[in-house]
Amino acid sequence: GRAAGMRVVGVGPRAAALAPDAHVEDLTRIRVEAAEDGAIRLHITAA
């Protein structure tokens with residue numbers, strides 16, 4: 001994703017070593033929302 005210019009979210013304990021833009025322990029911390037303009041918003045909650 002990063003090579004394509006995208007932000008990267010790492011999931012799981014080993015993902016932090018790859019220096020993602022955001023890191024979560026599991027997918028329960030992520031909520032995806034479709035915006036009215038067609039964009040996709042990702043909401044990340046802290047542990």
# chains A, B, ... in the order shown; residues from 1 in each chain; ligands from 1
$ residues_around --residues "Pro20 (chain A)" --least-positions-apart "5" --cutoff "10 Å" --atoms "only C-alpha atoms" --output "PyMOL selection string"
chain A and resi 2+7-11+15
$ select_by_dssp --residues "chain A" --states "strand (DSSP E or B)" --output "NGL selection string"
:A and (9-11 or 22-24 or 30-34 or 40-44)
$ residues_around --residues "region 22-33 of chain A" --least-positions-apart "5" --cutoff "6 Å" --atoms "only C-alpha atoms" --output "list in words"
Val9, Gly10, Val11, Gly12, Ile40, Arg41, Leu42, His43, Ile44 and Thr45 of chain A
$ write_last_selection --atoms "N, CA, C and O atoms" --output "PDB file, in the first residue's frame"
ATOM      1  N   VAL A   9      -2.405   0.566   7.691  1.00  0.00           N
ATOM      2  CA  VAL A   9      -2.809   0.193   9.040  1.00  0.00           C
ATOM      3  C   VAL A   9      -2.282  -1.210   9.305  1.00  0.00           C
ATOM      4  O   VAL A   9      -2.594  -2.146   8.573  1.00  0.00           O
ATOM      5  N   GLY A  10      -1.476  -1.337  10.342  1.00  0.00           N
ATOM      6  CA  GLY A  10      -0.947  -2.641  10.721  1.00  0.00           C
ATOM      7  C   GLY A  10      -1.876  -3.294  11.723  1.00  0.00           C
ATOM      8  O   GLY A  10      -2.353  -2.656  12.650  1.00  0.00           O
ATOM      9  N   VAL A  11      -2.140  -4.582  11.538  1.00  0.00           N
ATOM     10  CA  VAL A  11      -3.028  -5.327  12.430  1.00  0.00           C
ATOM     11  C   VAL A  11      -2.254  -6.482  13.037  1.00  0.00           C
ATOM     12  O   VAL A  11      -1.671  -7.296  12.314  1.00  0.00           O
ATOM     13  N   GLY A  12      -2.249  -6.541  14.353  1.00  0.00           N
ATOM     14  CA  GLY A  12      -1.588  -7.640  15.050  1.00  0.00           C
ATOM     15  C   GLY A  12      -0.258  -7.228  15.640  1.00  0.00           C
ATOM     16  O   GLY A  12       0.304  -6.186  15.295  1.00  0.00           O
ATOM     17  N   ILE A  40     -14.184   6.701   1.781  1.00  0.00           N
ATOM     18  CA  ILE A  40     -14.279   5.733   2.870  1.00  0.00           C
ATOM     19  C   ILE A  40     -13.489   6.273   4.039  1.00  0.00           C
ATOM     20  O   ILE A  40     -12.335   6.670   3.895  1.00  0.00           O
ATOM     21  N   ARG A  41     -14.123   6.302   5.205  1.00  0.00           N
ATOM     22  CA  ARG A  41     -13.455   6.775   6.414  1.00  0.00           C
ATOM     23  C   ARG A  41     -13.171   5.585   7.322  1.00  0.00           C
ATOM     24  O   ARG A  41     -14.017   4.722   7.501  1.00  0.00           O
ATOM     25  N   LEU A  42     -11.997   5.589   7.886  1.00  0.00           N
ATOM     26  CA  LEU A  42     -11.588   4.545   8.810  1.00  0.00           C
ATOM     27  C   LEU A  42     -11.462   5.172  10.188  1.00  0.00           C
ATOM     28  O   LEU A  42     -10.753   6.153  10.365  1.00  0.00           O
ATOM     29  N   HIS A  43     -12.179   4.635  11.152  1.00  0.00           N
ATOM     30  CA  HIS A  43     -12.134   5.120  12.525  1.00  0.00           C
ATOM     31  C   HIS A  43     -11.389   4.080  13.365  1.00  0.00           C
ATOM     32  O   HIS A  43     -11.773   2.913  13.388  1.00  0.00           O
ATOM     33  N   ILE A  44     -10.355   4.521  14.040  1.00  0.00           N
ATOM     34  CA  ILE A  44      -9.534   3.625  14.859  1.00  0.00           C
ATOM     35  C   ILE A  44      -9.666   4.061  16.309  1.00  0.00           C
ATOM     36  O   ILE A  44      -9.444   5.226  16.631  1.00  0.00           O
ATOM     37  N   THR A  45     -10.031   3.114  17.184  1.00  0.00           N
ATOM     38  CA  THR A  45     -10.168   3.419  18.600  1.00  0.00           C
ATOM     39  C   THR A  45      -8.962   2.912  19.367  1.00  0.00           C
ATOM     40  O   THR A  45      -8.360   1.913  19.004  1.00  0.00           O
TER      41      THR A  45
END
$ select_by_dssp --residues "chain A" --states "helix (DSSP H, G or I)" --output "list in words"
Arg2, Ala3, Ala4, Ala15, Ala16, Ala17, Leu18, Leu27, Thr28 and Arg29 of chain A
